[in-house]
Every structure is written in structure tokens, then in C-alpha cells.
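For reference, final-v1.txt is printed below; it contains compact mmCIF, C-alpha atoms and all ligand atoms.
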```
# COMPACT_ATOMS: atom_id res chain seq x y z
CA ASP A 1 0.00 0.00 0.00
CA GLN A 2 2.84 2.38 0.89
CA LEU A 3 4.62 1.30 -2.24
CA ILE A 4 1.55 1.90 -4.38
CA SER A 5 1.10 5.36 -2.93
CA GLN A 6 4.75 6.16 -3.60
CA ILE A 7 4.38 5.01 -7.20
CA ALA A 8 1.30 7.20 -7.54
CA ALA A 9 3.29 10.05 -6.00
CA GLY A 10 5.87 9.69 -8.76
CA GLU A 11 3.12 10.36 -11.27
CA VAL A 12 2.16 13.67 -9.67
CA VAL A 13 5.69 14.64 -8.63
CA GLU A 14 7.74 13.78 -11.66
CA ARG A 15 10.54 16.15 -10.66
CA PRO A 16 11.14 18.99 -8.17
CA ALA A 17 9.42 21.46 -10.50
CA SER A 18 6.20 19.43 -10.35
CA ALA A 19 6.22 19.71 -6.55
CA LEU A 20 6.93 23.44 -6.79
CA LYS A 21 4.03 23.92 -9.19
CA GLU A 22 1.65 22.24 -6.74
CA LEU A 23 2.93 24.29 -3.78
CA LEU A 24 2.59 27.53 -5.75
CA GLU A 25 -0.95 26.63 -6.81
CA ASN A 26 -1.86 26.01 -3.18
CA SER A 27 -0.47 29.40 -2.14
CA VAL A 28 -2.41 31.13 -4.90
CA ASP A 29 -5.59 29.20 -4.06
CA ALA A 30 -5.19 30.38 -0.45
CA GLY A 31 -5.56 34.00 -1.59
CA SER A 32 -1.95 34.99 -0.91
CA THR A 33 -0.69 38.39 -2.04
CA GLN A 34 2.98 37.56 -1.41
CA VAL A 35 4.65 34.27 -2.26
CA GLN A 36 8.31 33.51 -1.70
CA VAL A 37 10.14 30.52 -3.15
CA THR A 38 13.47 29.32 -1.78
CA LEU A 39 15.30 26.52 -3.54
CA GLN A 40 18.50 24.67 -2.90
CA GLN A 41 20.25 22.54 -5.49
CA GLY A 42 17.56 22.95 -8.12
CA GLY A 43 14.87 22.02 -5.59
CA MET A 44 16.37 18.59 -5.03
CA LYS A 45 17.77 19.52 -1.60
CA LEU A 46 15.09 22.02 -0.62
CA LEU A 47 11.87 23.48 -1.97
CA LYS A 48 10.36 26.05 0.34
CA VAL A 49 7.26 28.13 -0.35
CA THR A 50 6.18 30.83 2.08
CA ASP A 51 2.86 32.61 1.61
CA ASN A 52 0.58 35.05 3.41
CA GLY A 53 -2.64 33.28 2.49
CA HIS A 54 -5.53 32.20 4.70
CA GLY A 55 -3.58 29.38 6.32
CA ILE A 56 -4.73 26.00 7.62
CA ALA A 57 -6.47 25.39 10.95
CA LYS A 58 -4.75 23.05 13.39
CA GLU A 59 -7.47 20.41 13.01
CA ASP A 60 -7.06 20.46 9.22
CA LEU A 61 -3.26 20.15 9.14
CA GLU A 62 -3.27 16.36 9.19
CA LEU A 63 -6.06 16.25 6.64
CA ALA A 64 -4.06 18.48 4.29
CA LEU A 65 -1.49 15.69 4.08
CA THR A 66 -4.08 12.96 3.50
CA ARG A 67 -4.57 11.61 0.02
CA HIS A 68 -7.74 12.80 -1.72
CA ALA A 69 -8.48 15.28 1.01
CA THR A 70 -9.27 18.63 -0.55
CA SER A 71 -11.00 21.59 1.01
CA LYS A 72 -11.73 23.00 -2.43
CA ILE A 73 -14.57 20.91 -3.79
CA GLN A 74 -17.36 19.08 -2.01
CA SER A 75 -19.00 17.19 -4.86
CA LEU A 76 -18.73 16.09 -8.46
CA GLU A 77 -20.91 19.03 -9.45
CA ASP A 78 -18.29 21.33 -7.96
CA LEU A 79 -15.69 19.70 -10.14
CA GLU A 80 -17.62 20.99 -13.17
CA GLN A 81 -17.28 24.53 -11.85
CA VAL A 82 -13.85 24.30 -10.34
CA GLY A 83 -12.40 27.79 -9.86
CA SER A 84 -9.36 26.89 -7.79
CA LEU A 85 -6.15 25.57 -9.31
CA GLY A 86 -6.15 22.53 -7.02
CA PHE A 87 -9.02 20.13 -6.47
CA ARG A 88 -7.62 16.60 -6.47
CA GLY A 89 -6.32 16.71 -2.92
CA GLU A 90 -3.33 14.52 -3.66
CA ALA A 91 -0.41 16.87 -4.13
CA LEU A 92 0.65 17.47 -0.55
CA ALA A 93 0.12 13.83 0.42
CA SER A 94 2.18 12.71 -2.57
CA ILE A 95 5.00 15.14 -1.92
CA ALA A 96 5.13 14.28 1.77
CA SER A 97 5.31 10.55 1.06
CA ILE A 98 8.55 10.94 -0.89
CA SER A 99 10.35 13.63 1.10
CA ARG A 100 10.92 15.10 4.54
CA THR A 101 8.17 17.69 4.70
CA LEU A 102 7.54 20.42 7.25
CA LEU A 103 4.19 22.19 7.02
CA THR A 104 3.77 25.27 9.20
CA SER A 105 0.59 27.29 9.09
CA ARG A 106 -1.42 29.87 10.93
CA GLN A 107 -4.83 31.32 10.33
CA ALA A 108 -5.00 35.03 11.14
CA ALA A 109 -7.34 34.51 14.12
CA ALA A 110 -5.28 31.74 15.73
CA ASN A 111 -3.10 32.43 18.78
CA HIS A 112 -0.08 30.89 17.17
CA ALA A 113 0.99 28.62 14.32
CA TRP A 114 1.16 24.83 14.21
CA GLN A 115 3.69 22.70 12.50
CA ILE A 116 3.44 19.17 11.22
CA ALA A 117 6.51 17.12 10.30
CA VAL A 118 6.38 14.09 8.03
CA GLU A 119 9.19 11.86 6.91
CA GLY A 120 8.17 9.77 3.94
CA THR A 121 5.50 7.31 4.95
CA GLN A 122 6.42 7.56 8.66
CA GLY A 123 3.87 8.97 11.10
CA HIS A 124 3.85 12.66 11.77
CA THR A 125 4.06 14.94 14.76
CA ILE A 126 2.23 18.21 15.38
CA SER A 127 3.75 20.93 17.51
CA PRO A 128 3.21 24.64 18.18
CA ALA A 129 5.28 27.02 16.07
CA ALA A 130 5.87 30.72 15.51
CA LEU A 131 4.63 32.34 12.29
CA ASP A 132 2.55 35.29 11.16
CA ALA A 133 -0.61 34.42 9.27
CA GLY A 134 0.08 32.20 6.28
CA THR A 135 1.76 28.96 5.38
CA ILE A 136 5.27 27.64 4.92
CA VAL A 137 5.82 24.32 3.19
CA GLU A 138 9.37 22.99 3.30
CA VAL A 139 10.17 19.96 1.21
CA HIS A 140 13.58 18.51 2.03
CA ASP A 141 15.38 15.73 0.18
CA LEU A 142 12.74 14.93 -2.40
CA TYR A 143 12.87 11.22 -3.44
CA PHE A 144 15.12 10.33 -0.48
CA ASN A 145 13.14 7.09 -0.11
CA THR A 146 12.52 6.43 -3.82
CA PRO A 147 16.00 5.90 -5.32
CA ALA A 148 14.58 4.71 -8.65
CA ARG A 149 12.90 8.06 -9.20
CA ARG A 150 15.92 9.95 -7.91
CA LYS A 151 18.02 8.41 -10.67
CA PHE A 152 15.93 10.22 -13.27
CA LEU A 153 16.85 13.64 -11.93
CA LYS A 154 19.03 15.71 -14.20
CA THR A 155 21.71 18.23 -13.23
CA GLU A 156 21.04 20.93 -10.69
CA ASN A 157 20.87 23.52 -13.48
CA THR A 158 18.35 21.53 -15.46
CA GLU A 159 16.12 20.94 -12.45
CA PHE A 160 16.39 24.59 -11.50
CA GLY A 161 15.39 25.56 -15.04
CA HIS A 162 12.23 23.48 -14.74
CA CYS A 163 11.50 25.08 -11.36
CA GLU A 164 11.95 28.51 -12.90
CA ASP A 165 9.47 27.58 -15.65
CA ALA A 166 6.90 26.48 -13.07
CA PHE A 167 7.47 29.72 -11.15
CA THR A 168 7.12 31.83 -14.31
CA ARG A 169 3.84 30.23 -15.33
CA VAL A 170 2.19 30.85 -11.98
CA ALA A 171 3.64 34.37 -11.83
CA LEU A 172 2.24 35.17 -15.29
CA SER A 173 -1.19 33.89 -14.31
CA ARG A 174 -1.37 35.95 -11.09
CA PRO A 175 -0.02 39.48 -11.74
CA ASN A 176 -1.75 40.81 -8.62
CA VAL A 177 0.47 38.61 -6.43
CA GLY A 178 4.06 39.54 -5.55
CA PHE A 179 6.61 36.77 -6.07
CA LEU A 180 10.20 36.18 -5.08
CA LEU A 181 12.43 33.35 -6.29
CA GLN A 182 15.69 32.50 -4.55
CA HIS A 183 18.14 29.78 -5.46
CA ASN A 184 21.15 28.69 -3.41
CA GLY A 185 20.95 31.85 -1.33
CA LYS A 186 20.69 34.25 -4.27
CA ALA A 187 17.64 36.29 -5.29
CA ILE A 188 16.88 35.32 -8.90
CA THR A 189 13.54 36.98 -9.67
CA ARG A 190 11.58 39.57 -7.77
CA LEU A 191 8.15 40.52 -9.10
CA ALA A 192 6.03 43.25 -7.52
CA ALA A 193 2.25 42.93 -7.74
CA ASN A 194 1.26 44.66 -10.96
CA THR A 195 -1.07 44.93 -13.93
CA PRO A 196 -1.20 41.95 -16.30
CA GLN A 197 0.54 44.00 -18.99
CA GLN A 198 3.40 44.99 -16.69
CA ARG A 199 3.78 41.46 -15.30
CA ILE A 200 4.10 40.07 -18.82
CA THR A 201 6.65 42.77 -19.62
CA ASP A 202 8.59 42.05 -16.40
CA ILE A 203 8.88 38.41 -17.40
CA LEU A 204 9.22 38.43 -21.19
CA GLY A 205 11.16 41.69 -21.37
CA ASN A 206 10.79 45.18 -22.80
CA GLU A 207 11.79 44.09 -26.25
CA PHE A 208 8.96 41.59 -26.41
CA ALA A 209 6.51 44.17 -25.08
CA ALA A 210 7.63 46.79 -27.60
CA GLN A 211 7.10 44.40 -30.48
CA SER A 212 3.79 42.96 -29.33
CA VAL A 213 0.17 43.85 -29.64
CA TRP A 214 -2.27 43.82 -26.76
CA LEU A 215 -5.25 41.72 -27.66
CA GLU A 216 -8.71 41.60 -26.14
CA GLU A 217 -11.56 39.74 -27.80
CA ASP A 218 -14.94 38.69 -26.54
CA SER A 219 -17.44 36.52 -28.37
CA GLY A 220 -20.10 33.94 -27.59
CA GLY A 221 -19.01 33.40 -24.00
CA LEU A 222 -15.34 33.17 -24.92
CA ARG A 223 -12.79 35.78 -23.95
CA LEU A 224 -9.20 35.95 -25.15
CA TRP A 225 -6.68 38.52 -23.97
CA GLY A 226 -2.97 38.96 -23.62
CA MET A 227 0.07 39.95 -25.62
CA THR A 228 1.19 38.46 -28.86
CA ALA A 229 4.41 39.32 -30.67
CA SER A 230 4.50 40.76 -34.15
CA PRO A 231 5.68 38.17 -36.67
CA THR A 232 9.00 39.95 -37.05
CA TYR A 233 9.88 39.60 -33.37
CA GLN A 234 13.00 37.54 -32.87
CA ARG A 235 12.43 35.41 -29.88
CA HIS A 236 15.23 34.60 -27.50
CA SER A 237 16.45 31.06 -26.98
CA ARG A 238 13.93 30.62 -24.19
CA ASP A 239 10.57 29.36 -25.25
CA SER A 240 8.09 32.21 -25.00
CA GLN A 241 4.75 30.62 -25.62
CA TYR A 242 2.26 30.68 -22.80
CA VAL A 243 -1.42 29.80 -22.89
CA PHE A 244 -3.67 29.90 -19.85
CA VAL A 245 -7.22 28.60 -19.68
CA ASN A 246 -9.23 30.07 -16.81
CA GLY A 247 -6.01 31.11 -15.10
CA ARG A 248 -4.35 27.72 -15.48
CA PHE A 249 -1.25 27.14 -17.65
CA VAL A 250 -2.05 24.49 -20.25
CA ARG A 251 -0.48 22.73 -23.18
CA ASP A 252 -3.24 22.21 -25.65
CA LYS A 253 -2.84 20.98 -29.21
CA LEU A 254 -6.08 22.54 -30.38
CA ILE A 255 -5.12 26.01 -29.13
CA ALA A 256 -1.54 25.64 -30.37
CA HIS A 257 -2.88 24.72 -33.79
CA ALA A 258 -5.23 27.71 -33.96
CA ILE A 259 -2.40 30.07 -33.00
CA LYS A 260 -0.01 28.52 -35.47
CA GLN A 261 -2.54 28.83 -38.27
CA ALA A 262 -3.15 32.50 -37.49
CA TYR A 263 0.59 33.18 -37.65
CA GLN A 264 1.27 30.94 -40.59
CA ASP A 265 0.93 33.23 -43.55
CA VAL A 266 2.60 36.17 -41.80
CA LEU A 267 5.58 34.23 -40.49
CA HIS A 268 8.63 33.61 -42.62
CA GLY A 269 11.28 31.02 -42.08
CA ASP A 270 11.24 28.81 -39.02
CA LYS A 271 10.62 31.52 -36.44
CA HIS A 272 8.37 30.62 -33.57
CA PRO A 273 5.82 33.17 -32.48
CA ALA A 274 5.94 34.45 -28.90
CA PHE A 275 2.76 35.06 -26.91
CA VAL A 276 1.10 35.14 -23.54
CA LEU A 277 -2.59 34.44 -23.98
CA PHE A 278 -5.41 33.98 -21.53
CA LEU A 279 -8.58 32.20 -22.58
CA GLU A 280 -11.58 32.48 -20.32
CA LEU A 281 -14.80 30.54 -20.62
CA ASP A 282 -17.51 28.96 -18.51
CA PRO A 283 -15.63 26.32 -16.42
CA ALA A 284 -18.45 23.86 -17.16
CA LEU A 285 -17.36 23.90 -20.82
CA VAL A 286 -13.83 22.73 -20.12
CA ASP A 287 -12.63 19.58 -18.39
CA VAL A 288 -9.40 20.14 -16.45
CA ASN A 289 -9.39 16.76 -14.74
CA VAL A 290 -7.73 14.90 -17.62
CA HIS A 291 -4.32 14.30 -16.04
CA PRO A 292 -2.93 14.63 -12.48
CA ALA A 293 -0.69 17.51 -13.50
CA LYS A 294 -3.79 19.36 -14.77
CA THR A 295 -1.98 20.89 -17.76
CA GLU A 296 -4.24 19.13 -20.24
CA VAL A 297 -7.77 20.25 -20.92
CA ARG A 298 -10.71 19.14 -23.02
CA PHE A 299 -13.15 21.59 -24.47
CA ARG A 300 -16.76 20.69 -24.87
CA GLU A 301 -17.03 22.84 -28.00
CA SER A 302 -13.56 22.51 -29.39
CA GLN A 303 -14.34 23.76 -32.88
CA ALA A 304 -15.82 26.99 -31.53
CA VAL A 305 -12.74 27.50 -29.36
CA HIS A 306 -10.43 26.87 -32.31
CA ARG A 307 -12.30 29.30 -34.56
CA PHE A 308 -12.44 31.98 -31.88
CA ILE A 309 -8.71 31.83 -31.15
CA PHE A 310 -7.78 31.77 -34.81
CA HIS A 311 -9.95 34.80 -35.64
CA SER A 312 -8.89 36.77 -32.57
CA LEU A 313 -5.20 36.33 -33.36
CA HIS A 314 -5.64 36.92 -37.04
CA LYS A 315 -7.31 40.21 -36.25
CA ALA A 316 -4.62 41.16 -33.73
CA LEU A 317 -1.91 40.44 -36.27
CA GLY A 318 -3.47 43.02 -38.53
CA LYS A 319 -5.11 40.67 -41.01
CA THR A 320 -8.71 40.67 -41.95
CA SER A 321 -10.15 37.20 -41.92
CA ALA A 322 -11.73 36.11 -45.15
P1 LIG A 401 -5.74 20.39 -3.45
O1 LIG A 401 -4.97 21.64 -3.73
O2 LIG A 401 -6.01 19.62 -4.70
O3 LIG A 401 -6.97 20.63 -2.59
P2 LIG A 401 -3.38 19.58 -1.98
O4 LIG A 401 -2.87 18.25 -1.60
O5 LIG A 401 -2.54 20.42 -2.88
O6 LIG A 401 -4.83 19.39 -2.59
O7 LIG A 401 -3.68 20.38 -0.64
C1 LIG A 401 -4.53 19.81 0.32
C2 LIG A 401 -5.26 20.88 1.14
O8 LIG A 401 -4.34 21.54 2.00
C3 LIG A 401 -5.89 21.98 0.30
O9 LIG A 401 -7.20 21.63 -0.11
C4 LIG A 401 -5.90 23.14 1.28
O10 LIG A 401 -7.05 23.07 2.12
C5 LIG A 401 -4.68 22.90 2.17
N1 LIG A 401 -3.52 23.71 1.77
C6 LIG A 401 -2.41 23.28 1.11
N2 LIG A 401 -1.52 24.28 0.94
C7 LIG A 401 -2.06 25.38 1.49
C8 LIG A 401 -1.63 26.76 1.63
N3 LIG A 401 -0.45 27.19 1.15
N4 LIG A 401 -2.48 27.61 2.26
C9 LIG A 401 -3.67 27.20 2.75
N5 LIG A 401 -4.13 25.92 2.66
C10 LIG A 401 -3.34 25.02 2.03
MG MG A 402 -3.07 21.72 -4.48
```

Written form, C-alpha cells:
Amino acid sequence: DQLISQIAAGEVVERPASALKELLENSVDAGSTQVQVTLQQGGMKLLKVTDNGHGIAKEDLELALTRHATSKIQSLEDLEQVGSLGFRGEALASIASISRTLLTSRQAAANHAWQIAVEGTQGHTISPAALDAGTIVEVHDLYFNTPARRKFLKTENTEFGHCEDAFTRVALSRPNVGFLLQHNGKAITRLAANTPQQRITDILGNEFAAQSVWLEEDSGGLRLWGMTASPTYQRHSRDSQYVFVNGRFVRDKLIAHAIKQAYQDVLHGDKHPAFVLFLELDPALVDVNVHPAKTEVRFRESQAVHRFIFHSLHKALGKTSA
């Protein structure tokens, strides 16, 4: 049973960046306005996320580490309308089962904080702790008890790069939240709470912003907004293609195809377009529960979504659609 849960954990927590993504989503779901990430050795030694969100009550601390315990949905109907980034209730339990995890949290009204310590599948202890309102999750020595998974880790730089990607995606999706990323004792990225436009510029750079158009389209219950680079923009080596559906970073073939088509006749050579796009639609019309990592989605009316994205981009790129 422990073994099975550790195998399942490997599915959710493929590498340190997957754990970081889940921790960041939890902080954002908790309504935090400041989130701080501290990493050591690409997240392999330490992943620490500190937030000022609503915290966890003492009696819920244990539950937070229990598989399939989520405070975010109560029923299957809720799943149709899911507004939070998390809802499966398996991330923290998975992470804790394959690391040494310290969870410290305090709700604003509580007298003090509580801390729960878990070491792999060993039992846990709860003790009083000192902390202002919010939550700190410290994940030490990820995969310490799953050597097979540990073998798949790449170099510190590679793992850090993946962590940075996870950080960037959440930061792009929540411009109203301040973020800080530190690695091996050095501040890497500091982002003040800002407008969406400024957040995108802070992350993709002034050059991208100067050569992009701001796009905002609304039609038939679909809304698309964001920044998309002019076809002449020379992207940097880093991949600069971001799509979010209802505030969640996704990789979606249908959307990618619609964007590619819109760029196709204005792009020359093998340049890749750069964009940060946010699609919003009724959550009931999109299934986000396709894969544990929640980066895949299914649209109920996929053709309408494809058409809408294609036409919106085509228009933004200064072309009139035939
Ligand atoms: P999910 O996010 O899918 O609900 P998780 O395993 O990620 O499941 O988290 C379990 C529960 O722990 C959440 O439902 C939430 O109640 C609580 N939790 C986790 N992280 C935080 C946090 N940073 N702030 C407040 N509550 C949290
Ligand atoms: Mg979660």
C-alpha cells in the first residue's frame, strides 16, 4: 500500500518542478498576495514556499497531508465549476510521502501557528510554532526514499530551469500577487504585484513588449486577452509561448494549432511566435481533470474554441479574416 502510494506520487511529482508547481498553486488558491520561493540545489535539496494566504487550521493540518483530502470541492458538481487551481487533494500527500516535509501554518485569528513534520511514509508529529498568518511548506530531500525516481533527476541547473518555468507560469497567471524566487541563497527573480501587462513585460522583457500587440476579444461566451508578438519579433532562446485557460497554464494541441494557423501566412522562415494568452470561458465547458498535473484540458465545444482563437489572433496580427 505504501509502495503503491509512492508510485502514484511519482506520477504527480515527476521532478522537483512538479512539486513546486503544486505548492505555488496552493499558495495562490489560499488567496496569498505575497509568495516567496526558496530553492537549494535545483529544488532537489530544498523546496520552500512561504505565503501570506488564509492558512490551515490546526485540526485540518493532518487532513491536508491525507490523500484525496481537498477543502476545495465538495462534490462532483463542484468539479464541473472548479475555480481553484487545485481540487484533487493529492499533491501534498504525494509530496510528503517521498520527502521530509515540514508544514507550518497559521490562520489570522489563531493564537499561534502549528507545525506538522512528516518523513516519507512515517507517522507525523504536530507541535506549536511561531509564524505570522500564512503557510510555509518545506520539502527537504525529495525522493530520499525512492531511489529509482531519484536516478531520473538531471543536473542541478536543469532541475532549477524546470522550477523557474513552473514559477514563471504561476507568476504570469497571477499578476496581482508579488513573487520572489531564490536559489542557493541568491535572489533570482523579484516581481512586484502589478497589472497583467506589466507582469508580462517584467517576465518576457521590454523588447517583447515593444514588439507585441495587446489583444482583447470577446465573443459567444469566450474571452481571449494577452500579448502576442508581431511576426518579425526575434524570440530569445527561451521558449516564450504561454497559454492559460481560466487562469491555469495548459499545453493544448487545439489552441496551439489555432495560433499557429493565425501566424502561418505572416511568419517567414522557421521563427516561432511568442505570446502570452489567456482564454476564459464557462468552467463547465472545459474539463481540467484529464491528467494529475492538470496541464491538459478538453473543451466541450472545441471547434468553436479553435475558430475563436484563430480569428482573434488573425485580427490582432493586422489581417482581416476572409
Ligand atoms: P488540493 O490543492 O487539490 O486541494 P493539496 O494536496 O494540494 O490538494 O492540498 C490539500 C489541502 O491543503 C488543500 O485543499 C488546502 O485546504 C490545504 N492547503 C495546502 N496548501 C495550502 C496553503 N499554502 N495555504 C492554505 N491551505 C493550504
Ligand atoms: Mg493543491

Quiz prompt | Nearby polymer residues, ligand MG 402 (chain A), at most 6 Å, all atoms listed in the file, as a list in words | solution = Glu22, Glu25, Asn26, Gly86 and Ala91 of chain A

Self-check item: Neighbour list for A:Glu62 as a VMD selection string, cut-off 9 Å, all atoms listed in the file, skip fewer than 4 positions in-chain
Solution: chain A and resid 58 66 116 124 126

Could you save the residues just selected, with C-alpha atoms, as a short mmCIF file (atom, residue, chain, number, x, y, z; two decimals), keeping the file's coordinate frame?
```cif
data_model
loop_
_atom_site.label_atom_id
_atom_site.label_comp_id
_atom_site.auth_asym_id
_atom_site.auth_seq_id
_atom_site.Cartn_x
_atom_site.Cartn_y
_atom_site.Cartn_z
CA LYS A 58 -4.75 23.05 13.39
CA THR A 66 -4.08 12.96 3.50
CA ILE A 116 3.44 19.17 11.22
CA HIS A 124 3.85 12.66 11.77
CA ILE A 126 2.23 18.21 15.38
#
```

Practice problem: Return as a PyMOL selection string every polymer residue, whether protein, DNA or RNA, with at least one atom no more than 9 Å from an atom of ligand LIG 401 (chain A); count all atoms listed in the file. | Solution: chain A and resi 22-32+49-57+60-73+84-95+103+105-107+134-137

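The closest residue to A:Gln115, picked from A:Asn289, A:Thr232, A:Ser127, A:Asn176 and counting only C-alpha atoms, is A:Ser127.
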
Go through stretch 117-178 of chain A and flag each residue having an atom no more than 9 Å from stretch 201-215 of chain A; for those, report the closest pair of atoms plus their distance in Å to one decimal, using all atoms listed in the file, ordered by chain and rising number, as JSON lines.
```
{"residue": "A:Thr168", "atom": "CA", "partner": "A:Ile203", "partner_atom": "CA", "distance": 7.5}
{"residue": "A:Ala171", "atom": "CA", "partner": "A:Ile203", "partner_atom": "CA", "distance": 8.6}
{"residue": "A:Leu172", "atom": "CA", "partner": "A:Ile203", "partner_atom": "CA", "distance": 7.7}
```

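In this structure, atom CA of A:Glu156 sits 20.3 Å away from atom CA of A:Thr101.
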
Exercise. Between atom CA of A:Phe275 and atom CA of A:His183, measure the distance and give it in Å to one decimal.
Key: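 One can read the atom CA of A:Phe275 to atom CA of A:His183 distance as 26.9 Å.
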
Excluding A:Ile309 and any residue of its chain fewer than 5 positions from it, enumerate the residues within 9 Å of it, using only C-alpha atoms, and give them as an mmCIF file with C-alpha atoms, in the coordinates of the input.
```
data_model
loop_
_atom_site.group_PDB
_atom_site.id
_atom_site.type_symbol
_atom_site.label_atom_id
_atom_site.label_comp_id
_atom_site.auth_asym_id
_atom_site.auth_seq_id
_atom_site.Cartn_x
_atom_site.Cartn_y
_atom_site.Cartn_z
ATOM 1 C CA LEU A 224 -9.200 35.950 -25.150
ATOM 2 C CA ILE A 255 -5.120 26.010 -29.130
ATOM 3 C CA ALA A 258 -5.230 27.710 -33.960
ATOM 4 C CA ILE A 259 -2.400 30.070 -33.000
ATOM 5 C CA ALA A 262 -3.150 32.500 -37.490
ATOM 6 C CA LEU A 279 -8.580 32.200 -22.580
ATOM 7 C CA ALA A 304 -15.820 26.990 -31.530
ATOM 8 C CA HIS A 314 -5.640 36.920 -37.040
#
```

Practice problem: Excluding A:Gln41 and residues on its chain fewer than 4 positions from it, collect all residues at most 10 Å away from it, counting only C-alpha atoms, and give them as a count of residues only. | Solution: 10

Quiz prompt | Separation of atom CA of A:Ser230 from atom CA of A:Asp218 in Å | solution =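 Rounded to one decimal, the two atoms are 21.0 Å apart.
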
Quiz item: Pick the closest to A:Gln197 from A:Val276, A:Val266, A:Leu39, A:Leu153: which is it, counting only C-alpha atoms?
Solution: A:Val276
